[in-house]
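Source file run.txt; content: compact mmCIF, C-alpha atoms.
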```txt
# COMPACT_ATOMS: atom_id res chain seq x y z
CA MET H 1 44.37 -33.31 31.50
CA ARG H 2 45.37 -34.24 27.97
CA VAL H 3 41.70 -34.74 26.98
CA LYS H 4 40.75 -31.29 28.30
CA GLN H 5 43.54 -29.65 26.31
CA LEU H 6 42.48 -31.39 23.11
CA LEU H 7 38.87 -30.38 23.69
CA ALA H 8 39.85 -26.77 24.27
CA ILE H 9 41.93 -26.73 21.08
CA GLY H 10 39.00 -28.21 19.16
CA LEU H 11 36.59 -25.56 20.41
CA LEU H 12 39.05 -22.80 19.58
CA SER H 13 39.48 -24.21 16.07
CA ALA H 14 35.73 -24.39 15.54
CA GLY H 15 35.39 -20.81 16.72
CA PHE H 16 38.11 -19.70 14.32
CA VAL H 17 36.36 -21.43 11.39
CA LEU H 18 33.02 -19.78 12.21
CA ALA H 19 34.69 -16.40 12.57
CA SER H 20 36.37 -16.89 9.21
CA LEU H 21 33.09 -17.52 7.37
CA PRO H 22 31.62 -14.61 5.41
CA GLN H 23 29.17 -12.68 7.56
CA GLU H 24 26.30 -13.43 5.16
CA ALA H 25 26.81 -17.19 5.47
CA ALA H 26 27.45 -17.25 9.21
CA GLY H 27 24.40 -15.32 10.33
CA GLN H 28 22.24 -14.46 7.35
CA GLY H 29 18.72 -13.41 8.27
CA LYS H 30 15.62 -13.90 6.22
CA PHE H 31 15.10 -11.62 3.22
CA PRO H 32 15.12 -8.64 3.35
CA THR H 33 17.93 -7.47 5.59
CA LYS H 34 18.50 -4.11 3.88
CA PRO H 35 16.56 -1.50 1.84
CA ILE H 36 15.08 -2.46 -1.52
CA GLN H 37 15.57 -0.31 -4.60
CA VAL H 38 12.67 0.15 -7.02
CA ILE H 39 13.81 1.29 -10.47
CA VAL H 40 11.21 3.29 -12.38
CA ALA H 41 12.00 3.64 -16.07
CA PHE H 42 10.05 6.87 -16.50
CA GLN H 43 9.96 10.39 -15.09
CA PRO H 44 8.40 10.91 -11.64
CA GLY H 45 4.65 11.39 -11.74
CA SER H 46 3.77 8.75 -14.33
CA THR H 47 4.28 5.09 -13.47
CA ASP H 48 5.27 5.74 -9.87
CA ILE H 49 2.08 7.64 -9.10
CA VAL H 50 0.21 4.37 -9.67
CA LEU H 51 2.72 2.14 -7.88
CA ARG H 52 3.16 4.25 -4.76
CA PRO H 53 -0.30 3.87 -3.13
CA PHE H 54 0.41 0.14 -2.93
CA MET H 55 4.15 0.10 -2.40
CA ASP H 56 4.29 2.84 0.23
CA HIS H 57 2.63 0.35 2.61
CA MET H 58 4.94 -2.59 1.85
CA PRO H 59 7.72 -1.60 4.32
CA GLU H 60 5.20 -2.27 7.12
CA TYR H 61 5.34 -5.96 6.21
CA LEU H 62 8.91 -6.17 4.96
CA GLY H 63 10.67 -4.47 7.84
CA GLN H 64 12.82 -2.57 5.34
CA PRO H 65 12.27 0.65 3.36
CA LEU H 66 11.71 0.90 -0.38
CA SER H 67 13.50 3.62 -2.32
CA PHE H 68 12.35 4.76 -5.77
CA VAL H 69 15.14 5.42 -8.26
CA TYR H 70 14.20 7.07 -11.56
CA LYS H 71 16.01 6.03 -14.73
CA PRO H 72 14.03 7.53 -17.63
CA GLY H 73 15.21 7.34 -21.20
CA ALA H 74 14.89 5.40 -24.45
CA ALA H 75 11.12 4.95 -24.02
CA GLY H 76 11.69 3.02 -20.79
CA SER H 77 14.34 0.61 -22.01
CA LEU H 78 17.16 2.38 -20.13
CA GLY H 79 15.71 1.73 -16.69
CA ALA H 80 14.44 -1.71 -17.64
CA GLY H 81 17.88 -2.66 -18.92
CA ILE H 82 19.51 -1.52 -15.67
CA ALA H 83 17.04 -3.60 -13.67
CA ALA H 84 17.53 -6.66 -15.89
CA ALA H 85 21.31 -6.47 -15.40
CA ALA H 86 21.14 -5.95 -11.61
CA LYS H 87 22.29 -8.57 -9.13
CA PRO H 88 19.44 -11.08 -8.81
CA ASP H 89 19.11 -10.98 -5.02
CA GLY H 90 15.71 -9.30 -4.60
CA TYR H 91 17.15 -5.95 -3.56
CA THR H 92 16.65 -4.36 -6.99
CA VAL H 93 13.27 -4.57 -8.72
CA LEU H 94 11.69 -2.85 -11.69
CA GLY H 95 8.39 -1.02 -11.31
CA SER H 96 6.77 -0.71 -14.73
CA THR H 97 3.94 -1.40 -17.11
CA GLN H 98 4.25 -4.23 -19.63
CA SER H 99 5.41 -1.77 -22.29
CA ALA H 100 9.04 -1.95 -21.10
CA MET H 101 9.25 -5.75 -20.88
CA VAL H 102 6.87 -6.81 -23.66
CA ILE H 103 6.61 -4.09 -26.31
CA LEU H 104 10.11 -2.57 -26.46
CA PRO H 105 11.98 -5.85 -27.12
CA LEU H 106 9.60 -6.41 -30.04
CA THR H 107 9.88 -2.94 -31.55
CA HIS H 108 13.41 -1.68 -30.79
CA LYS H 109 16.45 -3.55 -32.10
CA ASP H 110 18.86 -1.90 -29.64
CA VAL H 111 17.07 -3.20 -26.52
CA THR H 112 19.48 -5.47 -24.65
CA TYR H 113 16.92 -7.62 -22.82
CA THR H 114 13.78 -9.69 -23.42
CA LEU H 115 10.78 -10.64 -21.32
CA ASP H 116 12.76 -13.71 -20.21
CA SER H 117 15.31 -11.39 -18.57
CA PHE H 118 12.84 -10.74 -15.73
CA ALA H 119 11.23 -12.63 -12.88
CA PRO H 120 7.65 -11.34 -12.39
CA ILE H 121 6.78 -10.73 -8.73
CA THR H 122 3.41 -9.01 -8.37
CA CYS H 123 0.98 -7.03 -10.50
CA PHE H 124 -0.94 -4.36 -8.58
CA VAL H 125 -3.39 -2.52 -10.83
CA ASP H 126 -4.51 -2.04 -14.41
CA SER H 127 -5.69 0.90 -16.45
CA ALA H 128 -8.09 0.59 -19.35
CA SER H 129 -7.16 1.81 -22.81
CA LEU H 130 -10.07 3.68 -24.38
CA MET H 131 -11.13 4.77 -27.82
CA MET H 132 -12.34 8.33 -27.18
CA VAL H 133 -14.05 10.97 -29.32
CA GLN H 134 -15.34 14.46 -28.68
CA ALA H 135 -18.64 14.56 -26.81
CA ASN H 136 -20.49 15.91 -29.86
CA ALA H 137 -18.92 13.44 -32.32
CA ARG H 138 -21.25 12.02 -34.95
CA TRP H 139 -20.52 8.42 -33.91
CA LYS H 140 -22.81 7.24 -31.13
CA ASN H 141 -21.14 3.85 -30.78
CA LEU H 142 -18.33 1.70 -32.15
CA ALA H 143 -20.56 0.23 -34.86
CA ASP H 144 -21.18 3.73 -36.27
CA PHE H 145 -17.46 4.44 -36.20
CA VAL H 146 -16.58 1.22 -38.04
CA ALA H 147 -19.31 1.77 -40.64
CA GLU H 148 -17.94 5.20 -41.59
CA ALA H 149 -14.34 3.96 -41.55
CA LYS H 150 -15.29 1.27 -44.06
CA LYS H 151 -16.88 3.85 -46.33
CA ASN H 152 -13.88 6.20 -46.09
CA PRO H 153 -10.66 4.16 -45.73
CA GLY H 154 -7.78 6.16 -44.22
CA MET H 155 -9.84 9.33 -43.83
CA ILE H 156 -10.39 9.10 -40.06
CA ASN H 157 -7.42 10.27 -37.98
CA PHE H 158 -6.54 8.98 -34.53
CA SER H 159 -3.89 9.97 -32.01
CA SER H 160 -1.99 7.76 -29.60
CA PRO H 161 0.80 8.29 -27.03
CA GLY H 162 3.34 7.37 -29.73
CA ILE H 163 4.41 4.96 -32.44
CA PHE H 164 4.38 1.40 -31.10
CA ALA H 165 2.79 2.51 -27.83
CA ILE H 166 0.47 -0.18 -26.49
CA GLN H 167 -2.56 1.94 -27.40
CA HIS H 168 -1.31 2.38 -30.97
CA LEU H 169 -0.84 -1.37 -31.34
CA LEU H 170 -4.29 -2.07 -29.93
CA VAL H 171 -5.93 0.18 -32.51
CA GLU H 172 -3.95 -1.48 -35.30
CA ALA H 173 -5.11 -4.91 -34.07
CA PHE H 174 -8.67 -3.58 -33.92
CA CYS H 175 -8.44 -2.23 -37.47
CA LYS H 176 -7.39 -5.64 -38.74
CA GLU H 177 -10.30 -7.34 -36.96
CA ALA H 178 -12.78 -4.71 -38.17
CA GLY H 179 -11.42 -4.61 -41.72
CA ILE H 180 -10.85 -0.87 -41.67
CA LYS H 181 -7.96 1.55 -42.20
CA LEU H 182 -7.34 4.58 -39.97
CA ASN H 183 -4.68 7.29 -40.21
CA HIS H 184 -2.33 7.31 -37.20
CA ILE H 185 -1.13 10.66 -35.80
CA PRO H 186 1.41 9.81 -33.07
CA SER H 187 1.93 12.15 -30.11
CA GLN H 188 4.63 12.57 -27.49
CA GLY H 189 2.70 10.94 -24.66
CA GLY H 190 -0.84 10.32 -23.49
CA GLY H 191 -1.56 13.91 -22.49
CA PRO H 192 -0.69 15.43 -25.89
CA ALA H 193 -2.72 12.70 -27.62
CA VAL H 194 -5.84 13.71 -25.71
CA THR H 195 -5.07 17.40 -26.26
CA ALA H 196 -4.99 16.76 -30.01
CA LEU H 197 -8.50 15.31 -29.76
CA LEU H 198 -9.81 18.15 -27.60
CA GLY H 199 -8.42 20.64 -30.12
CA GLY H 200 -10.11 18.91 -33.03
CA HIS H 201 -6.82 17.97 -34.70
CA VAL H 202 -7.80 14.27 -34.79
CA ASP H 203 -11.13 12.47 -34.91
CA MET H 204 -10.40 9.85 -32.27
CA SER H 205 -7.80 9.26 -29.60
CA VAL H 206 -6.79 6.09 -27.83
CA GLY H 207 -5.29 6.43 -24.38
CA SER H 208 -5.44 5.28 -20.80
CA LEU H 209 -8.47 5.86 -18.62
CA GLY H 210 -6.24 7.78 -16.22
CA THR H 211 -5.45 10.32 -18.94
CA GLY H 212 -8.96 10.62 -20.32
CA PHE H 213 -10.98 10.27 -17.11
CA PRO H 214 -11.11 13.99 -16.17
CA HIS H 215 -12.42 14.86 -19.64
CA LEU H 216 -14.95 12.04 -19.59
CA LYS H 217 -16.23 13.26 -16.22
CA ALA H 218 -16.33 16.86 -17.47
CA GLY H 219 -18.38 15.78 -20.49
CA THR H 220 -15.95 17.10 -23.09
CA LEU H 221 -15.00 13.62 -24.31
CA ARG H 222 -16.92 10.38 -24.76
CA ALA H 223 -15.59 6.82 -24.81
CA LEU H 224 -16.71 4.53 -27.63
CA ALA H 225 -15.18 1.38 -26.12
CA SER H 226 -12.46 0.03 -23.85
CA PHE H 227 -9.90 -2.65 -24.62
CA ASN H 228 -10.32 -4.25 -21.18
CA GLU H 229 -11.55 -7.80 -20.78
CA LYS H 230 -14.51 -6.57 -18.73
CA ARG H 231 -16.31 -3.25 -18.46
CA VAL H 232 -14.53 -0.70 -16.31
CA ARG H 233 -16.12 -0.02 -12.94
CA ALA H 234 -15.64 3.75 -13.24
CA ILE H 235 -17.43 3.88 -16.63
CA PRO H 236 -19.82 0.90 -16.65
CA GLU H 237 -21.85 2.32 -19.53
CA VAL H 238 -18.90 1.97 -21.92
CA PRO H 239 -18.78 -1.42 -23.71
CA THR H 240 -15.59 -3.32 -24.37
CA VAL H 241 -14.19 -3.64 -27.87
CA SER H 242 -14.55 -7.39 -27.52
CA GLU H 243 -18.25 -7.37 -26.65
CA SER H 244 -18.76 -5.04 -29.62
CA GLY H 245 -17.63 -7.92 -31.82
CA PHE H 246 -13.86 -7.40 -32.14
CA PRO H 247 -11.73 -9.75 -29.96
CA VAL H 248 -8.91 -7.36 -29.07
CA VAL H 249 -8.16 -7.38 -25.34
CA SER H 250 -5.35 -5.83 -23.30
CA SER H 251 -5.08 -3.44 -20.37
CA LEU H 252 -2.12 -1.43 -19.13
CA ILE H 253 -0.87 -3.31 -16.06
CA PHE H 254 1.46 -2.01 -13.35
CA GLY H 255 3.68 -4.30 -11.31
CA ILE H 256 7.16 -5.16 -10.09
CA LEU H 257 9.69 -7.63 -11.47
CA GLY H 258 13.14 -8.74 -10.44
CA PRO H 259 16.04 -9.74 -12.65
CA LYS H 260 16.02 -13.31 -13.93
CA ARG H 261 17.16 -15.83 -11.26
CA THR H 262 15.90 -13.70 -8.37
CA PRO H 263 15.59 -16.16 -5.46
CA LYS H 264 12.16 -17.65 -4.84
CA GLU H 265 12.37 -16.56 -1.18
CA ALA H 266 12.71 -12.91 -2.24
CA ILE H 267 9.88 -13.18 -4.80
CA ASP H 268 7.56 -14.87 -2.30
CA THR H 269 8.38 -12.38 0.46
CA LEU H 270 7.72 -9.34 -1.75
CA HIS H 271 4.50 -10.86 -3.06
CA SER H 272 3.37 -11.73 0.47
CA ALA H 273 3.97 -8.16 1.61
CA ALA H 274 1.94 -6.82 -1.30
CA LYS H 275 -0.86 -9.29 -0.53
CA LYS H 276 -0.97 -8.08 3.10
CA VAL H 277 -1.20 -4.50 1.86
CA LEU H 278 -4.24 -5.44 -0.22
CA GLU H 279 -5.85 -7.32 2.68
CA ASN H 280 -5.37 -4.50 5.19
CA HIS H 281 -5.72 -1.37 3.04
CA ARG H 282 -8.16 -2.36 0.29
CA THR H 283 -10.73 0.39 0.98
CA SER H 284 -8.24 3.26 1.04
CA LEU H 285 -6.46 1.87 -2.01
CA MET H 286 -9.69 1.66 -3.99
CA GLU H 287 -10.50 5.27 -3.09
CA ARG H 288 -7.10 6.52 -4.22
CA TYR H 289 -7.08 4.48 -7.40
CA GLU H 290 -10.58 5.58 -8.35
CA LYS H 291 -9.26 9.16 -8.49
CA LEU H 292 -6.42 8.02 -10.76
CA GLY H 293 -8.74 6.15 -13.11
CA VAL H 294 -7.19 2.73 -12.43
CA GLU H 295 -8.42 -0.43 -10.73
CA ILE H 296 -6.87 -3.05 -8.48
CA PHE H 297 -5.69 -6.00 -10.57
CA PHE H 298 -3.70 -8.19 -8.22
CA LEU H 299 -1.70 -11.09 -9.64
CA GLY H 300 0.86 -13.39 -8.03
CA PRO H 301 4.17 -14.36 -9.65
CA ASP H 302 2.85 -17.23 -11.78
CA GLU H 303 -0.31 -15.39 -12.90
CA TYR H 304 1.67 -12.27 -13.70
CA ALA H 305 4.19 -14.26 -15.74
CA ALA H 306 1.39 -16.00 -17.67
CA ASN H 307 -0.32 -12.65 -18.37
CA LEU H 308 2.89 -11.11 -19.72
CA ARG H 309 3.65 -14.17 -21.84
CA LYS H 310 0.17 -14.08 -23.35
CA GLN H 311 0.52 -10.39 -24.17
CA SER H 312 3.96 -10.93 -25.68
CA ILE H 313 2.54 -13.51 -28.09
CA PHE H 314 -0.36 -11.22 -28.99
CA PHE H 315 1.72 -8.08 -29.56
CA GLU H 316 4.41 -9.95 -31.47
CA LYS H 317 1.79 -10.80 -34.11
CA VAL H 318 0.59 -7.19 -34.26
CA VAL H 319 4.12 -5.81 -34.64
CA LYS H 320 5.00 -8.31 -37.36
CA GLU H 321 1.88 -7.32 -39.26
CA LEU H 322 2.76 -3.63 -39.01
CA LYS H 323 6.30 -4.17 -40.20
CA LYS H 324 5.26 -6.03 -43.37
```
Using the file provided, produce a representation of the structure as structure tokens.
Amino acid sequence: MRVKQLLAIGLLSAGFVLASLPQEAAGQGKFPTKPIQVIVAFQPGSTDIVLRPFMDHMPEYLGQPLSFVYKPGAAGSLGAGIAAAAKPDGYTVLGSTQSAMVILPLTHKDVTYTLDSFAPITCFVDSASLMMVQANARWKNLADFVAEAKKNPGMINFSSPGIFAIQHLLVEAFCKEAGIKLNHIPSQGGGPAVTALLGGHVDMSVGSLGTGFPHLKAGTLRALASFNEKRVRAIPEVPTVSESGFPVVSSLIFGILGPKRTPKEAIDTLHSAAKKVLENHRTSLMERYEKLGVEIFFLGPDEYAANLRKQSIFFEKVVKELKK
């Protein structure tokens, strides 16, 4: 009888201990167990329009919804800063191009984070940056453009989405490689930069394929070269800047990142869900992205991190040169 009483007391004590444990520790399920917040550091209709075709399918494989939260401001650093400071549990991620993580910490002193403040998860797509001119421009190729620029230093104007935008920095790196000087006319975004070219206010514009694609298709603009590593599928006739003899390579890449110290389980689960989206919806994704002027560029956590690190090293040199 005494043994039974002791056993009963022991079981009751064990039950009390289990009941006293925090709910997360006592019965925590695999990530995710609640909705995931995607912070977008820009206004709706820019970055998210590229992310959504991929990410709208991810809840099918996560078992939890994704909610987009827009935090525009300070060229993207506001939203990126919020994401970097979020609890590193996988339930808050940043959806962005590399401009927020790579360029802004190099060009803005008031940015409170660096590339090391993030844990790359998955890169989805990329968009080429193009050097574009009017369809009837006197330059038939990049060699013609460079030849005239050498004869008339600083006399050729070009527009970009803004000072220190990726496209602006790419042109500056190109100018150094080509030994030429161009006059930069910054705009307030990619659309206005192309509008300046269409209106004849500048001689050349550098912008994303997504921004210039409708005008290239309509025949009002012509691309001299792209800054991609390889020729772009949508415009295979356009050579890359690199194959034209100037080794300047970078594309605008779109992906998601968590705060530093995001658990590996969360990173792997999110990446796995994205990979399943690509495997099961590739055809429809390619069709949608073709209309947006972007291409699938799928990278896992390690590849994405290496890509961003490489770009950070490259752009740091360009920025230092500009600030001399």
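Considering the residues H:Tyr61, H:Phe54, H:Phe298, H:Tyr91 and counting all atoms listed in the file, H:Ile39 has its shortest atom-to-atom contact with H:Tyr91.
Picture a line from atom CA of H:Phe297 to atom CA of H:Glu177; it runs 26.8 Å.
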Can you build me a table of stretch 194-217 of chain H residues sitting at most 12 Å from stretch 183-186 of chain H, with the closest atom pair per residue and its distance in Å to one decimal, using all atoms listed in the file, sorted by chain and residue number, as CSV?
```
residue,atom,partner,partner_atom,distance
H:Val194,CA,H:Pro186,CA,11.0
H:Ala196,CA,H:Ile185,CA,9.3
H:Leu197,CA,H:Ile185,CA,10.6
H:His201,CA,H:Ile185,CA,9.3
H:Val202,CA,H:Ile185,CA,7.7
H:Asp203,CA,H:Asn183,CA,9.8
H:Met204,CA,H:His184,CA,9.8
H:Ser205,CA,H:Ile185,CA,9.2
H:Val206,CA,H:Pro186,CA,10.4
H:Gly207,CA,H:Pro186,CA,11.5
```
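Taking atom CA of H:Phe213 and atom CA of H:Gly255 as endpoints, the distance between them is 21.5 Å.
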Would you write out, as a tab-separated table, a table of all residues in stretch 211-297 of chain H that have an atom no more than 10 Å from an atom of stretch 118-138 of chain H, listing for each the closest atom pair and the distance in Å to one decimal, considering all atoms listed in the file and ordering rows by chain and rising residue number?
```
residue	atom	partner	partner_atom	distance
H:Thr211	CA	H:Ser129	CA	9.5
H:Gly212	CA	H:Met132	CA	8.0
H:Phe213	CA	H:Leu130	CA	9.9
H:His215	CA	H:Ala135	CA	9.5
H:Leu216	CA	H:Ala135	CA	8.5
H:Ala218	CA	H:Ala135	CA	9.9
H:Gly219	CA	H:Ala135	CA	6.4
H:Thr220	CA	H:Ala135	CA	5.2
H:Leu221	CA	H:Gln134	CA	4.5
H:Arg222	CA	H:Ala135	CA	5.0
H:Ala223	CA	H:Met132	CA	4.3
H:Leu224	CA	H:Met131	CA	5.6
H:Ala225	CA	H:Met131	CA	5.5
H:Ser226	CA	H:Leu130	CA	4.4
H:Phe227	CA	H:Ser129	CA	5.5
H:Asn228	CA	H:Ala128	CA	5.6
H:Glu229	CA	H:Ala128	CA	9.2
H:Lys230	CA	H:Ala128	CA	9.6
H:Arg231	CA	H:Ala128	CA	9.1
H:Val232	CA	H:Ala128	CA	7.2
H:Val238	CA	H:Leu130	CA	9.3
H:Thr240	CA	H:Leu130	CA	8.9
H:Val241	CA	H:Met131	CA	8.9
H:Val249	CA	H:Ser129	CA	9.6
H:Ser250	CA	H:Ser129	CA	7.9
H:Ser251	CA	H:Ala128	CA	5.1
H:Leu252	CA	H:Ser127	CA	5.0
H:Ile253	CA	H:Asp126	CA	4.2
H:Phe254	CA	H:Val125	CA	5.5
H:Gly255	CA	H:Cys123	CA	3.9
H:Ile256	CA	H:Thr122	CA	5.6
H:Leu257	CA	H:Pro120	CA	4.3
H:Gly258	CA	H:Ala119	CA	5.0
H:Pro259	CA	H:Phe118	CA	4.6
H:Lys260	CA	H:Phe118	CA	4.5
H:Arg261	CA	H:Ala119	CA	6.9
H:Thr262	CA	H:Ala119	CA	6.6
H:Pro263	CA	H:Ala119	CA	9.3
H:Lys264	CA	H:Ala119	CA	9.5
H:Ala266	CA	H:Ile121	CA	9.1
H:Ile267	CA	H:Ile121	CA	5.6
H:Asp268	CA	H:Ile121	CA	7.7
H:Thr269	CA	H:Ile121	CA	9.5
H:Leu270	CA	H:Ile121	CA	7.2
H:His271	CA	H:Thr122	CA	5.7
H:Ser272	CA	H:Thr122	CA	9.2
H:Ala274	CA	H:Thr122	CA	7.5
H:Lys275	CA	H:Thr122	CA	8.9
H:Leu278	CA	H:Phe124	CA	9.1
H:Tyr289	CA	H:Val125	CA	8.6
H:Leu292	CA	H:Ser127	CA	9.1
H:Gly293	CA	H:Ser127	CA	6.9
H:Val294	CA	H:Ser127	CA	4.7
H:Glu295	CA	H:Val125	CA	5.4
H:Ile296	CA	H:Val125	CA	4.2
H:Phe297	CA	H:Val125	CA	4.2
```
ask   = Pick from H:Val277, H:Leu322, H:Ala305, H:Val69: nearest to H:Asp116, with all atoms listed in the file counted?
value = H:Ala305
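Take the candidates H:Val40, H:Val318, H:Glu287, H:Ser312 and check each one against H:Gly76 using all atoms listed in the file; the shortest distance goes to H:Val40.
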message = Counting all atoms listed in the file, find residues at most 7 Å from (-1.3, 7.4, -24.4) (file frame) and give them as number ranges by chain.
response = H: 160-161, 167, 189-191, 193, 206-208
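Our summary of the geometry notes that atom CA of H:Ala41 is positioned 22.4 Å from atom CA of H:Ala306.
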